[in-house]
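To keep things clear, I will list the structure first and then write my remarks on it.
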Amino acid sequence: MSGGVFGLCVGFVALLVVGTYSAAAGLVGGAGSAKNGTVALAKGAVPALYQGLVQRWGNLCPAINPALLAAQLYQESGWNPRAVSPADARGIAQFIPGTWAAHGVDGDGDGDRDIWDPKDAIASAASYDCELAGYVKDVPGDPTSNMLAAYNAGAYRVIRHGGVPPFTETRNYVRIIRSLEKSFARPVGRVEPSRQAAGAIHYAQQKLGTPYLWGGTGTAAQNGRFDCSGLTQAAYESVGIDLPRVANDQYNAGPHPSRDELLPGDLVFFSDDLTNSRAIRHVGIYVGGGYMIDAPRTGAVIRFDRIDTPDYFGATRVTAEGAAALPTHLPQP
């Protein structure tokens, strides 16, 4: 890229960022999900292999919805059907064997209840959620939050405390799942603009021309070099938002605007599998006009690239709440 074009692009980006907030006034609307029973899943948020199961079983009872069930499964296993925790929780839904013995169901009707089979485990997670919701249905407060609290702390504690009990672990559990729910639900209206977008773009602009480094996070030992997700992580860290290290986890850091609703500061993602966010392999920061700032590959530098390519997957409007809800270490399927 020539110096003249480079300078024009930087100026172009500055104008776009200044316009982010004025344009945003017309974009604010209802973000999030519709009423229970009508919630649709965000594009690719659930791997195609499990999307039908989550959509079906997520409508099992009024206390849950597909996005909420997806958020639970993502937090528990990162969609890994072979996951095993240090506490011996097993499978995509992370059931302890004793809990599975009491609450596992035959989701696919093949005559067995297999803790490792997502067709059984996803159905069982939904069934158990609904069972717990029934136990706490007369407790004051939000029934879904009470159900999640019962899942974490036990229904008797929710009943005794008249709602979500005052335990840090339980309140965090409820907060995290309810926050992640917004990332897994397809927005039913315009997505609220990010207030940190301009700062994140400003940070990324300062890194233009920096050589790419696979695994780079910008440390002094790495001579300030980045890979794609290292750059986006650092850009949002500069405005006080902590993103996960891996691009496919960054996808869940907020709601997902459509292509024609993109605003500067949105993260844009690319994948060879457009049905599965866990297969995302590249991320950049949208700057407007169909361009992003990204760290593309070994041998290249941080630069402006077009986003309209066949491998464009989707976008995330990063929120502090969404980023804070993400698990820090998810197993990779």
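Chain labels run A, B, ... following the order of the structure tokens; each chain numbers its residues from 1, and ligands are numbered from 1 in the order shown.
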
Legend entry - Residue contacts of Tyr212 in chain A (12 Å, only C-alpha atoms) excluding same-chain residues fewer than 3 positions away, as a VMD selection string: chain A and resid 207 to 209 215 to 218 222 to 231 294 to 303

Give me a file of those residues, with N, CA, C and O atoms, as an mmCIF file, in the first residue's frame.
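part.cif was written with the following content:
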```cif
data_model
loop_
_atom_site.group_PDB
_atom_site.id
_atom_site.type_symbol
_atom_site.label_atom_id
_atom_site.label_comp_id
_atom_site.auth_asym_id
_atom_site.auth_seq_id
_atom_site.Cartn_x
_atom_site.Cartn_y
_atom_site.Cartn_z
ATOM 1 N N LYS A 207 -1.137 0.501 15.356
ATOM 2 C CA LYS A 207 -0.340 -0.697 15.054
ATOM 3 C C LYS A 207 -0.239 -0.982 13.553
ATOM 4 O O LYS A 207 0.384 -1.963 13.155
ATOM 5 N N LEU A 208 -0.844 -0.158 12.713
ATOM 6 C CA LEU A 208 -0.758 -0.357 11.271
ATOM 7 C C LEU A 208 0.698 -0.420 10.826
ATOM 8 O O LEU A 208 1.534 0.384 11.258
ATOM 9 N N GLY A 209 1.007 -1.383 9.987
ATOM 10 C CA GLY A 209 2.367 -1.563 9.497
ATOM 11 C C GLY A 209 3.229 -2.482 10.342
ATOM 12 O O GLY A 209 4.346 -2.814 9.947
ATOM 13 N N GLY A 215 0.761 -16.175 17.240
ATOM 14 C CA GLY A 215 0.816 -16.246 18.693
ATOM 15 C C GLY A 215 1.145 -14.929 19.353
ATOM 16 O O GLY A 215 1.242 -14.856 20.580
ATOM 17 N N GLY A 216 1.294 -13.861 18.558
ATOM 18 C CA GLY A 216 1.716 -12.577 19.111
ATOM 19 C C GLY A 216 0.613 -11.857 19.862
ATOM 20 O O GLY A 216 -0.523 -11.770 19.389
ATOM 21 N N THR A 217 0.973 -11.332 21.014
ATOM 22 C CA THR A 217 0.042 -10.543 21.822
ATOM 23 C C THR A 217 0.570 -9.146 22.102
ATOM 24 O O THR A 217 0.059 -8.444 22.966
ATOM 25 N N GLY A 218 1.633 -8.756 21.385
ATOM 26 C CA GLY A 218 2.132 -7.394 21.498
ATOM 27 C C GLY A 218 3.107 -7.150 22.624
ATOM 28 O O GLY A 218 3.383 -5.993 22.956
ATOM 29 N N GLN A 222 8.061 -9.841 22.112
ATOM 30 C CA GLN A 222 7.629 -10.129 20.744
ATOM 31 C C GLN A 222 7.777 -8.915 19.832
ATOM 32 O O GLN A 222 7.255 -8.901 18.719
ATOM 33 N N ASN A 223 8.477 -7.905 20.346
ATOM 34 C CA ASN A 223 8.666 -6.658 19.585
ATOM 35 C C ASN A 223 7.341 -6.021 19.182
ATOM 36 O O ASN A 223 7.215 -5.424 18.105
ATOM 37 N N GLY A 224 6.351 -6.147 20.064
ATOM 38 C CA GLY A 224 5.069 -5.493 19.822
ATOM 39 C C GLY A 224 4.267 -6.054 18.676
ATOM 40 O O GLY A 224 3.380 -5.374 18.147
ATOM 41 N N ARG A 225 4.528 -7.302 18.306
ATOM 42 C CA ARG A 225 3.831 -7.895 17.166
ATOM 43 C C ARG A 225 2.617 -8.716 17.632
ATOM 44 O O ARG A 225 2.548 -9.160 18.767
ATOM 45 N N PHE A 226 1.689 -8.912 16.690
ATOM 46 C CA PHE A 226 0.408 -9.552 17.013
ATOM 47 C C PHE A 226 0.024 -10.571 15.950
ATOM 48 O O PHE A 226 0.435 -10.468 14.796
ATOM 49 N N ASP A 227 -0.830 -11.518 16.366
ATOM 50 C CA ASP A 227 -1.626 -12.250 15.390
ATOM 51 C C ASP A 227 -3.025 -11.634 15.406
ATOM 52 O O ASP A 227 -3.267 -10.629 16.083
ATOM 53 N N CYS A 228 -3.971 -12.221 14.668
ATOM 54 C CA CYS A 228 -5.258 -11.545 14.489
ATOM 55 C C CYS A 228 -6.012 -11.349 15.805
ATOM 56 O O CYS A 228 -6.459 -10.239 16.120
ATOM 57 N N SER A 229 -6.155 -12.427 16.581
ATOM 58 C CA SER A 229 -6.917 -12.312 17.822
ATOM 59 C C SER A 229 -6.121 -11.615 18.917
ATOM 60 O O SER A 229 -6.704 -11.038 19.840
ATOM 61 N N GLY A 230 -4.794 -11.663 18.824
ATOM 62 C CA GLY A 230 -3.976 -10.902 19.757
ATOM 63 C C GLY A 230 -4.200 -9.411 19.600
ATOM 64 O O GLY A 230 -4.252 -8.646 20.582
ATOM 65 N N LEU A 231 -4.352 -8.963 18.344
ATOM 66 C CA LEU A 231 -4.597 -7.542 18.082
ATOM 67 C C LEU A 231 -5.964 -7.113 18.593
ATOM 68 O O LEU A 231 -6.087 -6.076 19.261
ATOM 69 N N ASP A 294 -6.741 -5.562 10.403
ATOM 70 C CA ASP A 294 -6.471 -6.920 10.869
ATOM 71 C C ASP A 294 -4.988 -7.245 10.741
ATOM 72 O O ASP A 294 -4.234 -6.553 10.054
ATOM 73 N N ALA A 295 -4.594 -8.292 11.457
ATOM 74 C CA ALA A 295 -3.253 -8.875 11.322
ATOM 75 C C ALA A 295 -3.447 -10.152 10.528
ATOM 76 O O ALA A 295 -3.883 -11.173 11.069
ATOM 77 N N PRO A 296 -3.188 -10.127 9.202
ATOM 78 C CA PRO A 296 -3.682 -11.203 8.346
ATOM 79 C C PRO A 296 -2.948 -12.529 8.414
ATOM 80 O O PRO A 296 -3.586 -13.574 8.524
ATOM 81 N N ARG A 297 -1.612 -12.510 8.321
ATOM 82 C CA ARG A 297 -0.911 -13.795 8.226
ATOM 83 C C ARG A 297 0.591 -13.553 8.303
ATOM 84 O O ARG A 297 1.069 -12.420 8.198
ATOM 85 N N THR A 298 1.337 -14.631 8.461
ATOM 86 C CA THR A 298 2.791 -14.562 8.466
ATOM 87 C C THR A 298 3.291 -13.954 7.152
ATOM 88 O O THR A 298 2.830 -14.313 6.070
ATOM 89 N N GLY A 299 4.219 -13.006 7.275
ATOM 90 C CA GLY A 299 4.763 -12.338 6.104
ATOM 91 C C GLY A 299 4.052 -11.051 5.759
ATOM 92 O O GLY A 299 4.526 -10.286 4.918
ATOM 93 N N ALA A 300 2.899 -10.791 6.389
ATOM 94 C CA ALA A 300 2.145 -9.565 6.146
ATOM 95 C C ALA A 300 2.266 -8.642 7.359
ATOM 96 O O ALA A 300 2.846 -9.005 8.382
ATOM 97 N N VAL A 301 1.714 -7.451 7.221
ATOM 98 C CA VAL A 301 1.697 -6.488 8.324
ATOM 99 C C VAL A 301 0.249 -6.170 8.671
ATOM 100 O O VAL A 301 -0.682 -6.443 7.896
ATOM 101 N N ILE A 302 0.051 -5.581 9.844
ATOM 102 C CA ILE A 302 -1.277 -5.106 10.221
ATOM 103 C C ILE A 302 -1.692 -4.034 9.218
ATOM 104 O O ILE A 302 -0.946 -3.103 8.931
ATOM 105 N N ARG A 303 -2.908 -4.176 8.676
ATOM 106 C CA ARG A 303 -3.283 -3.349 7.531
ATOM 107 C C ARG A 303 -4.804 -3.265 7.422
ATOM 108 O O ARG A 303 -5.539 -3.858 8.224
#
```

Kindly assemble as JSON lines a list of the range 75-131 of chain A residues that lie within 10 Å of range 145-162 of chain A, each paired with its nearest atom pair and their distance in Å to one decimal, using only C-alpha atoms, sorted first by chain and then by ascending residue number.
```
{"residue": "A:Tyr128", "atom": "CA", "partner": "A:Tyr151", "partner_atom": "CA", "distance": 8.3}
{"residue": "A:Asp129", "atom": "CA", "partner": "A:Met147", "partner_atom": "CA", "distance": 6.6}
{"residue": "A:Cys130", "atom": "CA", "partner": "A:Met147", "partner_atom": "CA", "distance": 7.8}
{"residue": "A:Glu131", "atom": "CA", "partner": "A:Met147", "partner_atom": "CA", "distance": 8.8}
```

Inset, instruction - For Cys61 in chain A, please output as an MDAnalysis selection string all residues within 10 Å (counting only C-alpha atoms; exclusion window: fewer than 3 positions along the same chain). - result: chainID A and resid 36:37 57:58 64:65 126:127 129:131 133:134

Keeping only C-alpha atoms, write the selected residues to a file as a PDB file, in the first residue's frame.
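Generated output (again16.pdb):
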```pdb
ATOM      1  CA  ASN A  36     -39.663 -17.801  25.248  1.00  0.00           C
ATOM      2  CA  GLY A  37     -40.683 -20.235  22.529  1.00  0.00           C
ATOM      3  CA  TRP A  57     -35.003 -28.924  23.487  1.00  0.00           C
ATOM      4  CA  GLY A  58     -34.531 -25.250  24.313  1.00  0.00           C
ATOM      5  CA  ILE A  64     -35.678 -21.902  29.207  1.00  0.00           C
ATOM      6  CA  ASN A  65     -35.135 -20.982  25.590  1.00  0.00           C
ATOM      7  CA  ALA A 126     -33.069 -29.160  29.141  1.00  0.00           C
ATOM      8  CA  SER A 127     -35.154 -31.709  31.037  1.00  0.00           C
ATOM      9  CA  ASP A 129     -33.515 -27.365  33.868  1.00  0.00           C
ATOM     10  CA  CYS A 130     -37.280 -27.697  33.511  1.00  0.00           C
ATOM     11  CA  GLU A 131     -37.481 -30.052  36.471  1.00  0.00           C
ATOM     12  CA  ALA A 133     -37.875 -24.734  37.326  1.00  0.00           C
ATOM     13  CA  GLY A 134     -40.856 -26.713  38.593  1.00  0.00           C
TER      14      GLY A 134
END
```

Inset, instruction - State, in Å with one decimal place, the distance from CA of Glu261 in chain A to CA of Ala325 in chain A. - result: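 That distance, rounded to one decimal, is 24.0 Å.
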
Legend entry - Per-residue DSSP, range 218-321 of chain A, filtered to helix (DSSP H, G or I), as a PyMOL selection string: chain A and resi 220-222+228-237+247-250+259-261+277-279+320-321

Inset, instruction - Identify, on the basis of only C-alpha atoms, every residue whose closest approach to Ala235 in chain A does not exceed 12 Å; exclude the query and any residue fewer than 6 positions from it along the same chain; express the result as an MDAnalysis selection string. - result: chainID A and resid 196:207 217:218 226 228:229 241:243 265:267 284:285 293:294 318

Inset, instruction - Return the single residue from A:Ser124, A:Thr219, A:Thr309, A:Ser179 that is closest to His103 in chain A, with distances computed using only C-alpha atoms. - result: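 Among the listed residues, the smallest separation from His103 in chain A belongs to A:Ser124.
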
Inset, instruction - Could you give me, as a ChimeraX atom specification, each residue of range 29-209 of chain A that DSSP assigns to strand (DSSP E or B) when run on this structure's backbone? - result: /A:41,84,90,95,185

Inset, instruction - Write out as a list of chain:residue names which residues come within 12 Å of Arg175 in chain A when counting only C-alpha atoms, dropping same-chain ones fewer than 5 positions away. - result: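 Once the nearby chain positions are removed, what remains is A:Leu68, A:Ala71, A:Gln72, A:Thr144, A:Ser145, A:Asn146, A:Leu148, A:Ala149, A:Asn152, A:Val164, A:Thr168, A:Glu169, A:Thr170, A:Leu180, A:Glu181, A:Lys182, A:Glu321, A:Gly322, A:Ala324, A:Ala325, A:Leu326.
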
Okay, now the selection with N, CA, C and O atoms, as a PDB file, in the first residue's frame?
```pdb
ATOM      1  N   LEU A  68     -30.583 -19.680  25.879  1.00  0.00           N
ATOM      2  CA  LEU A  68     -30.157 -19.966  27.251  1.00  0.00           C
ATOM      3  C   LEU A  68     -29.527 -21.349  27.338  1.00  0.00           C
ATOM      4  O   LEU A  68     -28.474 -21.525  27.962  1.00  0.00           O
ATOM      5  N   ALA A  71     -26.142 -21.235  25.854  1.00  0.00           N
ATOM      6  CA  ALA A  71     -25.182 -20.576  26.742  1.00  0.00           C
ATOM      7  C   ALA A  71     -24.684 -21.532  27.819  1.00  0.00           C
ATOM      8  O   ALA A  71     -23.497 -21.557  28.150  1.00  0.00           O
ATOM      9  N   GLN A  72     -25.584 -22.337  28.366  1.00  0.00           N
ATOM     10  CA  GLN A  72     -25.180 -23.322  29.366  1.00  0.00           C
ATOM     11  C   GLN A  72     -24.201 -24.339  28.781  1.00  0.00           C
ATOM     12  O   GLN A  72     -23.162 -24.629  29.378  1.00  0.00           O
ATOM     13  N   THR A 144     -36.432 -17.898  35.422  1.00  0.00           N
ATOM     14  CA  THR A 144     -35.264 -18.488  34.766  1.00  0.00           C
ATOM     15  C   THR A 144     -34.019 -18.313  35.623  1.00  0.00           C
ATOM     16  O   THR A 144     -33.210 -19.241  35.767  1.00  0.00           O
ATOM     17  N   SER A 145     -33.853 -17.145  36.225  1.00  0.00           N
ATOM     18  CA  SER A 145     -32.713 -16.940  37.122  1.00  0.00           C
ATOM     19  C   SER A 145     -32.797 -17.864  38.327  1.00  0.00           C
ATOM     20  O   SER A 145     -31.785 -18.418  38.780  1.00  0.00           O
ATOM     21  N   ASN A 146     -33.999 -18.048  38.853  1.00  0.00           N
ATOM     22  CA  ASN A 146     -34.172 -18.966  39.979  1.00  0.00           C
ATOM     23  C   ASN A 146     -33.852 -20.400  39.573  1.00  0.00           C
ATOM     24  O   ASN A 146     -33.262 -21.166  40.339  1.00  0.00           O
ATOM     25  N   LEU A 148     -31.711 -21.321  37.211  1.00  0.00           N
ATOM     26  CA  LEU A 148     -30.256 -21.426  37.103  1.00  0.00           C
ATOM     27  C   LEU A 148     -29.602 -21.490  38.479  1.00  0.00           C
ATOM     28  O   LEU A 148     -28.644 -22.239  38.694  1.00  0.00           O
ATOM     29  N   ALA A 149     -30.120 -20.710  39.404  1.00  0.00           N
ATOM     30  CA  ALA A 149     -29.583 -20.746  40.765  1.00  0.00           C
ATOM     31  C   ALA A 149     -29.798 -22.117  41.394  1.00  0.00           C
ATOM     32  O   ALA A 149     -28.926 -22.639  42.106  1.00  0.00           O
ATOM     33  N   ASN A 152     -27.253 -24.517  40.205  1.00  0.00           N
ATOM     34  CA  ASN A 152     -25.936 -24.318  40.809  1.00  0.00           C
ATOM     35  C   ASN A 152     -25.905 -24.632  42.298  1.00  0.00           C
ATOM     36  O   ASN A 152     -24.953 -25.247  42.783  1.00  0.00           O
ATOM     37  N   VAL A 164     -32.632 -16.035  44.166  1.00  0.00           N
ATOM     38  CA  VAL A 164     -31.215 -16.374  43.987  1.00  0.00           C
ATOM     39  C   VAL A 164     -30.493 -16.164  45.314  1.00  0.00           C
ATOM     40  O   VAL A 164     -30.498 -15.054  45.858  1.00  0.00           O
ATOM     41  N   THR A 168     -21.663 -15.919  46.194  1.00  0.00           N
ATOM     42  CA  THR A 168     -20.950 -15.326  45.059  1.00  0.00           C
ATOM     43  C   THR A 168     -20.922 -16.263  43.867  1.00  0.00           C
ATOM     44  O   THR A 168     -21.191 -15.855  42.721  1.00  0.00           O
ATOM     45  N   GLU A 169     -20.623 -17.532  44.106  1.00  0.00           N
ATOM     46  CA  GLU A 169     -20.542 -18.490  43.004  1.00  0.00           C
ATOM     47  C   GLU A 169     -21.868 -18.595  42.266  1.00  0.00           C
ATOM     48  O   GLU A 169     -21.923 -18.600  41.034  1.00  0.00           O
ATOM     49  N   THR A 170     -22.960 -18.676  43.027  1.00  0.00           N
ATOM     50  CA  THR A 170     -24.269 -18.841  42.410  1.00  0.00           C
ATOM     51  C   THR A 170     -24.688 -17.594  41.654  1.00  0.00           C
ATOM     52  O   THR A 170     -25.197 -17.671  40.524  1.00  0.00           O
ATOM     53  N   LEU A 180     -24.436 -14.526  28.567  1.00  0.00           N
ATOM     54  CA  LEU A 180     -24.117 -15.299  27.371  1.00  0.00           C
ATOM     55  C   LEU A 180     -25.361 -15.573  26.526  1.00  0.00           C
ATOM     56  O   LEU A 180     -25.279 -15.681  25.292  1.00  0.00           O
ATOM     57  N   GLU A 181     -26.498 -15.655  27.161  1.00  0.00           N
ATOM     58  CA  GLU A 181     -27.753 -15.878  26.439  1.00  0.00           C
ATOM     59  C   GLU A 181     -27.941 -14.825  25.343  1.00  0.00           C
ATOM     60  O   GLU A 181     -28.419 -15.132  24.241  1.00  0.00           O
ATOM     61  N   LYS A 182     -27.558 -13.592  25.618  1.00  0.00           N
ATOM     62  CA  LYS A 182     -27.725 -12.508  24.643  1.00  0.00           C
ATOM     63  C   LYS A 182     -26.831 -12.717  23.428  1.00  0.00           C
ATOM     64  O   LYS A 182     -27.161 -12.278  22.329  1.00  0.00           O
ATOM     65  N   GLU A 321     -20.186  -6.496  29.395  1.00  0.00           N
ATOM     66  CA  GLU A 321     -20.930  -7.574  30.055  1.00  0.00           C
ATOM     67  C   GLU A 321     -20.720  -8.897  29.343  1.00  0.00           C
ATOM     68  O   GLU A 321     -20.494  -9.933  29.977  1.00  0.00           O
ATOM     69  N   GLY A 322     -20.797  -8.876  28.011  1.00  0.00           N
ATOM     70  CA  GLY A 322     -20.625 -10.106  27.249  1.00  0.00           C
ATOM     71  C   GLY A 322     -19.232 -10.681  27.385  1.00  0.00           C
ATOM     72  O   GLY A 322     -19.059 -11.894  27.556  1.00  0.00           O
ATOM     73  N   ALA A 324     -17.132 -10.199  29.875  1.00  0.00           N
ATOM     74  CA  ALA A 324     -16.903 -10.648  31.252  1.00  0.00           C
ATOM     75  C   ALA A 324     -17.547 -11.998  31.526  1.00  0.00           C
ATOM     76  O   ALA A 324     -17.130 -12.716  32.437  1.00  0.00           O
ATOM     77  N   ALA A 325     -18.566 -12.361  30.738  1.00  0.00           N
ATOM     78  CA  ALA A 325     -19.260 -13.630  30.965  1.00  0.00           C
ATOM     79  C   ALA A 325     -18.544 -14.820  30.349  1.00  0.00           C
ATOM     80  O   ALA A 325     -18.849 -15.966  30.681  1.00  0.00           O
ATOM     81  N   LEU A 326     -17.583 -14.570  29.460  1.00  0.00           N
ATOM     82  CA  LEU A 326     -16.973 -15.675  28.735  1.00  0.00           C
ATOM     83  C   LEU A 326     -16.059 -16.503  29.621  1.00  0.00           C
ATOM     84  O   LEU A 326     -15.261 -15.953  30.371  1.00  0.00           O
TER      85      LEU A 326
END
```

Inset, instruction - May I have the residues within 10 Å of range 312-316 of chain A as an NGL selection string, using only C-alpha atoms and disregarding those fewer than 3 positions away in the same chain? - result: :A and (42-45 or 183 or 191 or 250-259 or 261-263 or 265-277 or 279-286 or 307-309 or 319)

Inset, instruction - Work out how far apart CA of Val287 in chain A and CA of Val239 in chain A are and give it in Å to one decimal. - result: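 The value is 16.5 Å.
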
Legend entry - Pairwise distance for CA of Arg82 in chain A and CA of Ile122 in chain A, rounded to one decimal in Å: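 Rounded to one decimal, the two atoms are 13.3 Å apart.
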